[in-house]
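Undergrad: Below: one structure in structure tokens.
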Amino acid sequence: MPQGKYLKLGELLIKEGLIDADKLEKAMLTQKQDGGRLGEILVKLGFVKEEQLVVVLGKQLNMPYFAHTTDILQPALEQGLELLISRDYAVRNLAIPLSRNLKSLTVAMFDPLDLILLDNIKKLTGYEINPVLATKASIMRSIEAFYGKSQLLKEAVNASYDIISDEALISVEGADQELSLDKLIASAEEAPVIKLVDLIIRQAIDEGASDIHVEPFKEKISLRYRIDGKLYEIPPPAKHLHLAIVSRIKIMAKLDIAEKRLPQDGAIMVRIEQRAIDIRVSIIPTIYGEKAVLRILDRSKVVLDLARLGFEPNQLELIRKASNSPYGLVFVTGPTGSGKSTTLYAILNEVKNPEKNIITIEDPVEYKLEGINQVQVKPEIGLNFAAALRSFLRQDPDVMLVGEVRDLETAQICIRSSLTGHLVLSTLHTNDAPSAITRLLDIGIEPYLLAPSLLLIVGQRLLRKLCPECKEAYEPSKEILKSSKVKAELIYRAKGCKACINTGYKGRVCIAEVMQITPGIQELITQQVSFQKIRELARQEGMQTLYESAVKKVEAGITSLEEALSVTLGAD
């Protein structure tokens, strides 16, 4: 591309006082070495912001512009714009068609000074190009909204019914017979199957799914995504491609594609838009073939900030006080999928510093934390929680995290460690905070050891948050307000829109009951009383229950009353 064009862009930015000659020279040197557009390079180097670049160009060129990432570019519908410029071309060149009129096509662009691109679009479409300026973020968001990743998956799924598969790949009854691995690998590596599996994973990540379920049944495959804790069915691919899809997943996870009788576990690392995403793969044999579950661990979506998880201010104060104690035992309890690990990671993220030696033993290690020694359980070689904990005590630790207390031996080592000058964090599968005490006593922990070691128990759940784009306010009846103990005349309910895939909810928030182990509760532990009596005293001392925590979220308009009741039913 002509160098003069880039000098013109640089001169514009220098004239506006956004960069100086030195920065322009550095950017042009980077461009010469790595290639790319000068505008993108200046933004990448941090010399200018996208919005600043767009505003300057818009003013100087007297061109319409969308300066903020909140601006919405809306391509005209039913004009066949997607036929003029494909999605891939739009993404590759940061240009999206907005409308056409007679022989003129309006195109939003990030770099309208790219004369070669303008000429290429003109040749591609056969229209005179009327460029408008927009930020990269606005263009990418518009591309996703207009072309839609879900549409790509639908097309791939529809195409799967036209793919003719080898007979060896479609026989379920003969799954135990000898199978040609060459044919299986060839089928899994065919472009349509690769594209289909990639799109299934990509859409799940884009929609914020935590799990993908690929399940074989007699007449069909079931494809489901778990989003915000709920499973949603997705139009499935053709049944005869089941073996090819599972084999492709196995190849990606480096599993044995010949083994179909035993469960297998593996992992896939993918990179999307400069962010690394871990995917844990679990394969189990069923009567109709192998079922695959892919657990998506997107570190960029995980909030490791205690203050942003949803705890109330008084709860946060108690958690921080306990997590900054020099020794003691802190438990986070709740069922599977209630956010226990995230809470523990957030605590570690807050207490870590160069003066503390922090070690974890986990099964599995879900998120890698900088500055923390994390150990993966490996039962097949004898590395279980108890064995790791015994080794930890010789590693001069200040803080230890134990993924889960599952047996008496692990519980005993945790308690002894907390009594000998270590802060120990762990989880238990109990319904609420007081039940954790009775669980520990039931598995054989002596009350006189448990009472002085415990600092705090957090019982928690996750509530779906109402979609901010479509939630609607309403006035519930007085009877509902009275029975639900909600102290607000107006509350919100779910509606459903494109932004939340018509569910009415987007994202989740934590609700909790935080029980501080006071002298009174220590006394009840030594007396081995029931968890109901412990709960009564904890409430008298100010503990907020799970339901009360949920009601606060309803009153604040964060969630609906229906969601609060469904999640906390029986927990209060």
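Ligands are numbered from 1 in the order shown, chains are lettered A, B, ... in the order of the structure tokens, and residues start at 1 in each chain.
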With only C-alpha atoms as the counted atoms, please give the residues lying no more than 9 Å from Leu24 in chain A, apart from itself and same-chain residues fewer than 2 positions off, as a PyMOL selection string.
TA: chain A and resi 7+10-11+13-14+19-22+26-29+42+47
Undergrad: Tell me, as a PDB file with N, CA and C atoms, in the first residue's frame, which residues lie within 7 Å of Pro64 in chain A, counting only C-alpha atoms; anything in the same chain fewer than 6 positions away does not count.
TA:
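Printed below is result_37.pdb as written:
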ATOM      1  N   GLY A  58     -12.849  11.153  11.334  1.00  0.00           N
ATOM      2  CA  GLY A  58     -14.181  11.616  10.957  1.00  0.00           C
ATOM      3  C   GLY A  58     -14.228  13.122  10.743  1.00  0.00           C
ATOM      4  N   VAL A 132     -18.137   4.881   6.022  1.00  0.00           N
ATOM      5  CA  VAL A 132     -18.351   5.588   7.292  1.00  0.00           C
ATOM      6  C   VAL A 132     -17.382   4.975   8.303  1.00  0.00           C
ATOM      7  N   LEU A 133     -16.998   5.768   9.281  1.00  0.00           N
ATOM      8  CA  LEU A 133     -15.998   5.333  10.262  1.00  0.00           C
ATOM      9  C   LEU A 133     -16.640   4.659  11.465  1.00  0.00           C
TER      10      LEU A 133
END
Undergrad: CA of Ala436 in chain A and CA of Ser483 in chain A, how far apart in Å?
TA: 28.8 Å
Undergrad: Find the residue from A:Thr333, A:Leu196, A:Pro326, A:Gln395 that sits nearest to Asn357 in chain A; use only C-alpha atoms when measuring.
TA: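 Closest to Asn357 in chain A, using only C-alpha atoms: A:Gln395.
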Undergrad: Between A:Pro131, A:Arg320, A:Glu469, A:Glu215, which is the closest to Leu98 in chain A once you count only C-alpha atoms?
TA: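 Of A:Pro131, A:Arg320, A:Glu469, A:Glu215, the one nearest Leu98 in chain A is A:Pro131, counting only C-alpha atoms.
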Undergrad: A:Asp206, A:Glu40, A:Glu555, A:Asp298: which is nearest Val54 in chain A, counting only C-alpha atoms?
TA: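 Closest to Val54 in chain A, using only C-alpha atoms: A:Glu40.
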Undergrad: Can you tell me how far CA of Glu16 in chain A sits from CA of Val56 in chain A, in Å to one decimal?
TA: 7.3 Å
Undergrad: Using DSSP on the backbone, list every residue of range 424-559 of chain A that comes out as alpha helix (DSSP H), and give them as a count of residues only.
TA: 52
Undergrad: I need the residues in range 338-446 of chain A that are strand (DSSP E) according to DSSP; give them as a list in words.
TA: Ile358, Ile359, Thr360, Ile361, Glu362, Asn373, Gln374, Val375, Gln376, Val399, Met400, Leu401, Val402, Leu423, Val424, Leu425, Ser426, Thr427 and Leu428 of chain A
Undergrad: For those residues, write C-alpha atoms to a file as a PDB file, in the first residue's frame.
TA:
ATOM      1  CA  ILE A 358       0.465 -20.626  49.378  1.00  0.00           C
ATOM      2  CA  ILE A 359      -0.006 -24.248  48.245  1.00  0.00           C
ATOM      3  CA  THR A 360      -3.131 -25.931  46.863  1.00  0.00           C
ATOM      4  CA  ILE A 361      -4.126 -29.551  46.229  1.00  0.00           C
ATOM      5  CA  GLU A 362      -7.000 -29.794  43.770  1.00  0.00           C
ATOM      6  CA  ASN A 373       1.862 -23.481  43.993  1.00  0.00           C
ATOM      7  CA  GLN A 374      -0.935 -25.700  42.673  1.00  0.00           C
ATOM      8  CA  VAL A 375      -0.840 -29.513  42.823  1.00  0.00           C
ATOM      9  CA  GLN A 376      -3.084 -31.881  40.861  1.00  0.00           C
ATOM     10  CA  VAL A 399      -1.892 -20.912  53.496  1.00  0.00           C
ATOM     11  CA  MET A 400      -3.144 -24.277  52.199  1.00  0.00           C
ATOM     12  CA  LEU A 401      -6.149 -24.894  49.985  1.00  0.00           C
ATOM     13  CA  VAL A 402      -7.642 -28.380  49.908  1.00  0.00           C
ATOM     14  CA  LEU A 423      -4.594 -21.102  57.441  1.00  0.00           C
ATOM     15  CA  VAL A 424      -6.495 -23.911  55.697  1.00  0.00           C
ATOM     16  CA  LEU A 425      -9.257 -23.338  53.109  1.00  0.00           C
ATOM     17  CA  SER A 426     -11.467 -26.152  51.841  1.00  0.00           C
ATOM     18  CA  THR A 427     -14.933 -27.186  50.654  1.00  0.00           C
ATOM     19  CA  LEU A 428     -17.658 -29.563  51.807  1.00  0.00           C
TER      20      LEU A 428
END
Undergrad: Would you compute the distance between CA of Tyr327 in chain A and CA of Leu455 in chain A? Give it in Å to one decimal.
TA: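 CA of Leu455 in chain A lies 8.8 Å from CA of Tyr327 in chain A.
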Undergrad: Which one is closest to Ile319 in chain A: A:Ile296, A:Leu306, A:Ala276, A:Leu463? Count only C-alpha atoms.
TA: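 The closest residue to Ile319 in chain A is A:Leu306.
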Undergrad: I'd like the neighbourhood of Cys500 in chain A as a list of chain:residue names, where a residue qualifies if any of its atoms comes within 10 Å (using only C-alpha atoms), though same-chain residues fewer than 5 positions away should be ignored.
TA: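 Counting only C-alpha atoms, the residues come to A:Glu207, A:Leu466, A:Cys467, A:Pro468, A:Glu469, A:Cys470, A:Lys495, A:Tyr505, A:Lys506, A:Gly507.
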Undergrad: Output N, CA and C atoms for every residue in the selection just made, as a PDB file, in the first residue's frame.
TA:
ATOM      1  N   GLU A 207     -21.664 -18.139  23.832  1.00  0.00           N
ATOM      2  CA  GLU A 207     -22.918 -18.000  24.573  1.00  0.00           C
ATOM      3  C   GLU A 207     -22.721 -18.144  26.076  1.00  0.00           C
ATOM      4  N   LEU A 466     -31.045 -11.376  36.186  1.00  0.00           N
ATOM      5  CA  LEU A 466     -31.943 -10.947  35.116  1.00  0.00           C
ATOM      6  C   LEU A 466     -31.160 -10.242  34.022  1.00  0.00           C
ATOM      7  N   CYS A 467     -31.555 -10.467  32.781  1.00  0.00           N
ATOM      8  CA  CYS A 467     -30.909  -9.792  31.651  1.00  0.00           C
ATOM      9  C   CYS A 467     -31.179  -8.292  31.740  1.00  0.00           C
ATOM     10  N   PRO A 468     -30.147  -7.459  31.796  1.00  0.00           N
ATOM     11  CA  PRO A 468     -30.360  -6.012  31.931  1.00  0.00           C
ATOM     12  C   PRO A 468     -31.030  -5.395  30.714  1.00  0.00           C
ATOM     13  N   GLU A 469     -30.974  -6.082  29.559  1.00  0.00           N
ATOM     14  CA  GLU A 469     -31.554  -5.532  28.333  1.00  0.00           C
ATOM     15  C   GLU A 469     -33.078  -5.658  28.292  1.00  0.00           C
ATOM     16  N   CYS A 470     -33.615  -6.696  28.950  1.00  0.00           N
ATOM     17  CA  CYS A 470     -35.057  -6.941  28.763  1.00  0.00           C
ATOM     18  C   CYS A 470     -35.848  -7.133  30.060  1.00  0.00           C
ATOM     19  N   LYS A 495     -38.028 -11.610  30.974  1.00  0.00           N
ATOM     20  CA  LYS A 495     -38.845 -11.446  29.767  1.00  0.00           C
ATOM     21  C   LYS A 495     -38.263 -12.267  28.623  1.00  0.00           C
ATOM     22  N   TYR A 505     -32.428 -14.300  31.413  1.00  0.00           N
ATOM     23  CA  TYR A 505     -31.339 -14.244  32.401  1.00  0.00           C
ATOM     24  C   TYR A 505     -29.984 -14.210  31.692  1.00  0.00           C
ATOM     25  N   LYS A 506     -29.034 -13.549  32.324  1.00  0.00           N
ATOM     26  CA  LYS A 506     -27.683 -13.484  31.770  1.00  0.00           C
ATOM     27  C   LYS A 506     -26.679 -13.331  32.909  1.00  0.00           C
ATOM     28  N   GLY A 507     -25.854 -14.356  33.110  1.00  0.00           N
ATOM     29  CA  GLY A 507     -24.873 -14.322  34.194  1.00  0.00           C
ATOM     30  C   GLY A 507     -25.469 -14.809  35.504  1.00  0.00           C
TER      31      GLY A 507
END
Undergrad: Find the residue from A:Val377, A:Leu344, A:Val246, A:Ala209 that sits nearest to Leu297 in chain A; use only C-alpha atoms when measuring.
TA: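 Closest to Leu297 in chain A of all the choices is A:Ala209.
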Undergrad: Name all residues at most 12 Å from Asp256 in chain A (count only C-alpha atoms; drop same-chain ones fewer than 5 positions away) and give them as a ChimeraX atom specification.
TA: /A:181,184-185,246-251,261-266,283
Undergrad: Nearest residue to Val193 in chain A out of A:Arg508, A:Arg224, A:His240, A:Arg464, using only C-alpha atoms?
TA: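 The answer is A:His240, which sits nearest to Val193 in chain A.
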Undergrad: Against range 517-525 of chain A, which residues of range 284-391 of chain A fall within 12 Å? For each one I want the closest pair of atoms and the distance in Å (one decimal), counting only C-alpha atoms, rows by chain and increasing residue number, as a Markdown table.
TA:
| residue | atom | partner | partner_atom | distance |
| --- | --- | --- | --- | --- |
| A:Leu318 | CA | A:Ile517 | CA | 10.4 |
| A:Ile319 | CA | A:Ile517 | CA | 11.7 |
| A:Ala322 | CA | A:Ile517 | CA | 10.0 |
| A:Gly328 | CA | A:Ile517 | CA | 10.8 |
| A:Leu329 | CA | A:Ile517 | CA | 10.2 |
| A:Val330 | CA | A:Ile517 | CA | 9.9 |
| A:Phe331 | CA | A:Ile517 | CA | 11.2 |
Undergrad: Env of Leu449 in chain A: 10 Å cut, atoms = only C-alpha atoms, seq-sep filter 4 positions within chain, self excluded. Answer as number ranges by chain.
TA: A: 412, 415-416, 419, 445, 453-454, 525-526
Undergrad: Convert the current residue selection to file output with C-alpha atoms, as an mmCIF file, in the first residue's frame.
TA:
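Heads up, here's the output in again-v5.cif:
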data_model
loop_
_atom_site.group_PDB
_atom_site.id
_atom_site.type_symbol
_atom_site.label_atom_id
_atom_site.label_comp_id
_atom_site.auth_asym_id
_atom_site.auth_seq_id
_atom_site.Cartn_x
_atom_site.Cartn_y
_atom_site.Cartn_z
ATOM 1 C CA GLN A 412 -7.900 -34.672 60.497
ATOM 2 C CA ILE A 415 -7.651 -29.577 61.461
ATOM 3 C CA ARG A 416 -4.196 -30.408 62.824
ATOM 4 C CA LEU A 419 -4.116 -25.817 64.965
ATOM 5 C CA ILE A 445 -13.654 -35.522 64.006
ATOM 6 C CA SER A 453 -9.874 -24.888 64.695
ATOM 7 C CA LEU A 454 -12.912 -23.517 62.839
ATOM 8 C CA ILE A 525 -19.864 -27.880 68.976
ATOM 9 C CA THR A 526 -18.263 -29.344 72.100
#
